[in-house]
Amino acid sequence: MKKLKVGIVGTGGIAQAAHLPSFKKLENVEVTAICDVNEKKLAYAAKKFEIPHTFTKAEDLLEQDIDTAVICTPNAFHAEYSIKAMEAGKHVLCEKPVCITSADAEKVFKTAEKTGKKFMVAFPRRFSGEAKVLKPMIENGDFGEIYYMKAACLRRRGIPGLGTWFTDKELAGGGPMMDIGVHVLDMVIYLAGAPMPETVIGSVYSKFRDKATDGGWPPQETRIGDKNTGRMEVEELASGFVKLANGATLFVEASWAGNSTTGLNASLFGTKAGVQMPDPLNEKNPIRIFSESRGILTDVIPNMPDSEMYQEEVNHFVECITKDKSPITKKEEILSVVRIIEGIYRSAETGKPVIMKNNGVQTKRRV
Ligand SMILES: NC(=O)c1ccc[n+]([C@@H]2O[C@H](COP(=O)([O-])OP(=O)(O)OC[C@H]3O[C@@H](n4cnc5c(N)ncnc54)[C@H](O)[C@@H]3O)[C@@H](O)[C@H]2O)c1
């Protein structure tokens, strides 16, 4: 059997904690090449995961005889390397947040369409138990019309890689909204069927400059040779209110530091049912569905299916290539998420609401 050859660009925390171990578990795949600008880390990862070929320039890796490239660099390079990889004939699995701007996200999807290569965004929560339970129910109409959503990813104290690229505006593009808010935002936009933003109003806050503490990510053993400039140029809290083209509204918030609880939380309000993730009354049951049956209000706590999010993400991507399937992350969903985040930052900067044009991918207004 011919094995699928994988090359990974950026061999830091997520590559070592998720992608390399997950790809290495698959019998029909071999990771033949890795790339990192940090030579010490590159050598460490090559030894740890027994990777034969190493490169310090992404372009050199992309010239190799590989079928697919996995982009795990700082956010600012995602679009450029994804485009170069697809133009070089490789399928691409790109880490979130895909792109910093919607213009770049559109270029990436245009390249995928032009080259016919598979392009998937690494959003592991698409493979969570919550998504597996809720997506089919919502598609079946069990929730009715979803008209209001809340999405939060909050940390009381926990700035990733404080002083490295994570807190460098140019390389990261933003703070917690770009980094962790994007996960929960993607989850609700995916579940709600990719409504496009029409108006976005957002704010960002930097109140913890003097009290900022490193949040423990990336894992210490993956930080070998990392440069730390000490720069903290992005927000530690961002929030946004979005009017969507289908008439629904969404409130989203994300923080790396704040005087609040820590955790991921989302709710969907539908005309037939709603859901709270996680269940506020019982953390062991990750979701609670609120509904009504013959005039009686009911709470349903589903048995959650097993989920190994990172392994399933990689399994799905490989299957998309070997069985010619469409990746689970669709263009409209990804563009909606990128535009919302872009709108929040633009609104925060200008102090005004941002009205989106949506360039022809706007979903139809339902109400
Ligand atoms: N899906 C998830 O759950 C998840 C979790 C963490 C991080 N991420 C994403 O993964 C990406 C990487 O994050 P991380 O936590 O691994 O960061 P990291 O700093 O641990 O790793 C990034 C690596 O990229 C290397 N790099 C920088 N510029 C490069 C370039 N031009 N070419 C090649 N290599 C380059 C760095 O030296 C570093 O080793 C980010 O986009 C982040 O948002 C996703």
# chains A, B, ... in the order shown; residues from 1 in each chain; ligands from 1
$ residues_near_ligand --ligand "ligand 1" --cutoff "7 Å" --atoms "only C-alpha atoms and all ligand atoms" --output "number ranges by chain"
A: 9-15, 35-38, 41, 56-58, 72-75, 77, 95-97, 122-124, 165, 179, 217-218, 222-223, 226
$ residues_around --residues "segment 254-271 of chain A" --least-positions-apart "6" --cutoff "8 Å" --atoms "only C-alpha atoms" --output "JSON, numbers by chain"
{"A": [143, 144, 145, 146, 147, 148, 149, 150, 151, 152, 153, 154, 155, 156, 157, 158, 159, 160, 175, 176, 177, 180, 181, 184, 188, 208, 212, 236, 237, 238, 239, 277, 278]}
$ residues_around --residues "segment 113-117 of chain A" --least-positions-apart "5" --cutoff "9 Å" --atoms "only C-alpha atoms" --output "NGL selection string"
:A and (86-87 or 89-92 or 108 or 321)
$ residues_around --residues "segment 345-354 of chain A" --least-positions-apart "2" --cutoff "10 Å" --atoms "only C-alpha atoms" --output "PyMOL selection string"
chain A and resi 173-174+177-178+197-205+235+238-242+339-343+356-357
$ closest_residue --among "A:Leu62, A:Val338, A:Val133, A:Ala273" --to "Ile287 of chain A" --atoms "only C-alpha atoms"
A:Val133
$ select_by_dssp --residues "segment 26-185 of chain A" --states "alpha helix (DSSP H)" --output "PyMOL selection string"
chain A and resi 39-49+58-62+78-87+102-115+129-139+169-172+176+182-185
$ closest_residue --among "A:Ile328, A:Ile83, A:Ala194, A:Ile289" --to "Gly274 of chain A" --atoms "only C-alpha atoms"
A:Ile289
$ select_by_dssp --residues "segment 15-152 of chain A" --states "strand (DSSP E or B)" --output "JSON, numbers by chain"
{"A": [29, 30, 31, 32, 33, 34, 35, 53, 54, 55, 68, 69, 70, 71, 91, 92, 93, 94, 95, 119, 120, 121, 122, 146, 147, 148, 149, 150, 151, 152]}
$ write_last_selection --atoms "N, CA and C atoms" --output "CSV table (one decimal), in the first residue's frame"
chain,number,residue,atom,x,y,z
A,29,VAL,N,-0.1,6.4,6.6
A,29,VAL,CA,0.5,7.7,6.5
A,29,VAL,C,1.9,7.7,7.0
A,30,GLU,N,2.8,8.5,6.4
A,30,GLU,CA,4.1,8.7,7.0
A,30,GLU,C,4.5,10.1,7.0
A,31,VAL,N,5.0,10.6,8.1
A,31,VAL,CA,5.4,12.0,8.2
A,31,VAL,C,6.9,12.0,7.8
A,32,THR,N,7.2,12.5,6.6
A,32,THR,CA,8.5,12.3,6.0
A,32,THR,C,9.4,13.6,6.2
A,33,ALA,N,8.7,14.8,6.4
A,33,ALA,CA,9.5,16.0,6.5
A,33,ALA,C,8.8,17.0,7.5
A,34,ILE,N,9.7,17.7,8.2
A,34,ILE,CA,9.2,18.8,9.1
A,34,ILE,C,10.1,20.0,8.8
A,35,CYS,N,9.5,21.2,9.2
A,35,CYS,CA,10.2,22.4,9.0
A,35,CYS,C,10.0,23.3,10.2
A,53,HIS,N,13.5,13.9,7.2
A,53,HIS,CA,14.0,15.1,6.5
A,53,HIS,C,13.6,16.4,7.2
A,54,THR,N,14.5,17.3,7.4
A,54,THR,CA,14.2,18.6,8.1
A,54,THR,C,14.6,19.8,7.2
A,55,PHE,N,13.8,20.8,7.4
A,55,PHE,CA,14.1,22.1,6.6
A,55,PHE,C,13.8,23.3,7.5
A,68,THR,N,0.8,16.0,1.2
A,68,THR,CA,0.1,17.0,2.0
A,68,THR,C,0.9,17.8,3.0
A,69,ALA,N,0.5,19.0,3.2
A,69,ALA,CA,1.3,19.9,4.2
A,69,ALA,C,0.4,20.3,5.3
A,70,VAL,N,0.9,20.3,6.5
A,70,VAL,CA,0.2,20.7,7.7
A,70,VAL,C,0.8,22.0,8.2
A,71,ILE,N,0.0,23.1,8.3
A,71,ILE,CA,0.6,24.4,8.6
A,71,ILE,C,0.4,24.6,10.1
A,91,HIS,N,-2.2,18.8,-0.6
A,91,HIS,CA,-3.4,19.1,0.2
A,91,HIS,C,-2.9,19.8,1.5
A,92,VAL,N,-3.9,20.5,2.1
A,92,VAL,CA,-3.4,21.3,3.3
A,92,VAL,C,-4.4,21.1,4.4
A,93,LEU,N,-3.8,20.9,5.6
A,93,LEU,CA,-4.5,21.0,6.9
A,93,LEU,C,-3.8,22.2,7.6
A,94,CYS,N,-4.6,23.2,7.8
A,94,CYS,CA,-4.1,24.5,8.3
A,94,CYS,C,-4.6,24.7,9.7
A,95,GLU,N,-3.8,25.1,10.6
A,95,GLU,CA,-4.2,25.4,12.0
A,95,GLU,C,-5.1,26.6,12.0
A,119,PHE,N,-8.6,21.4,1.3
A,119,PHE,CA,-8.1,22.4,2.3
A,119,PHE,C,-9.0,22.3,3.5
A,120,MET,N,-8.4,22.0,4.6
A,120,MET,CA,-9.2,21.8,5.9
A,120,MET,C,-8.6,22.7,7.0
A,121,VAL,N,-9.4,23.2,7.8
A,121,VAL,CA,-8.9,24.0,9.0
A,121,VAL,C,-9.0,23.1,10.2
A,122,ALA,N,-7.9,23.2,11.0
A,122,ALA,CA,-7.9,22.3,12.2
A,122,ALA,C,-8.7,23.0,13.3
A,146,ILE,N,-32.7,28.8,14.9
A,146,ILE,CA,-31.8,29.3,15.9
A,146,ILE,C,-31.6,30.8,15.7
A,147,TYR,N,-32.1,31.5,16.7
A,147,TYR,CA,-32.1,33.0,16.6
A,147,TYR,C,-31.2,33.8,17.5
A,148,TYR,N,-30.6,33.1,18.5
A,148,TYR,CA,-29.7,33.8,19.4
A,148,TYR,C,-28.7,32.8,19.9
A,149,MET,N,-27.4,33.3,19.9
A,149,MET,CA,-26.3,32.4,20.3
A,149,MET,C,-25.3,33.2,21.2
A,150,LYS,N,-24.8,32.4,22.2
A,150,LYS,CA,-23.7,33.0,23.1
A,150,LYS,C,-22.5,32.1,23.0
A,151,ALA,N,-21.4,32.7,22.9
A,151,ALA,CA,-20.2,31.8,22.9
A,151,ALA,C,-19.1,32.5,23.7
A,152,ALA,N,-18.5,31.8,24.6
A,152,ALA,CA,-17.5,32.4,25.5
A,152,ALA,C,-16.3,31.4,25.7
$ closest_residue --among "A:Tyr310, A:Asn315, A:Met187, A:Ile355" --to "Ala245 of chain A" --atoms "only C-alpha atoms"
A:Ile355
$ residues_around --residues "Phe49 of chain A" --least-positions-apart "5" --cutoff "10 Å" --atoms "only C-alpha atoms" --output "ChimeraX atom specification"
/A:16,20-21,24,31,44
$ atom_distance --atom1 "atom CA of Lys207 of chain A" --atom2 "atom CA of Ser102 of chain A"
28.0 Å
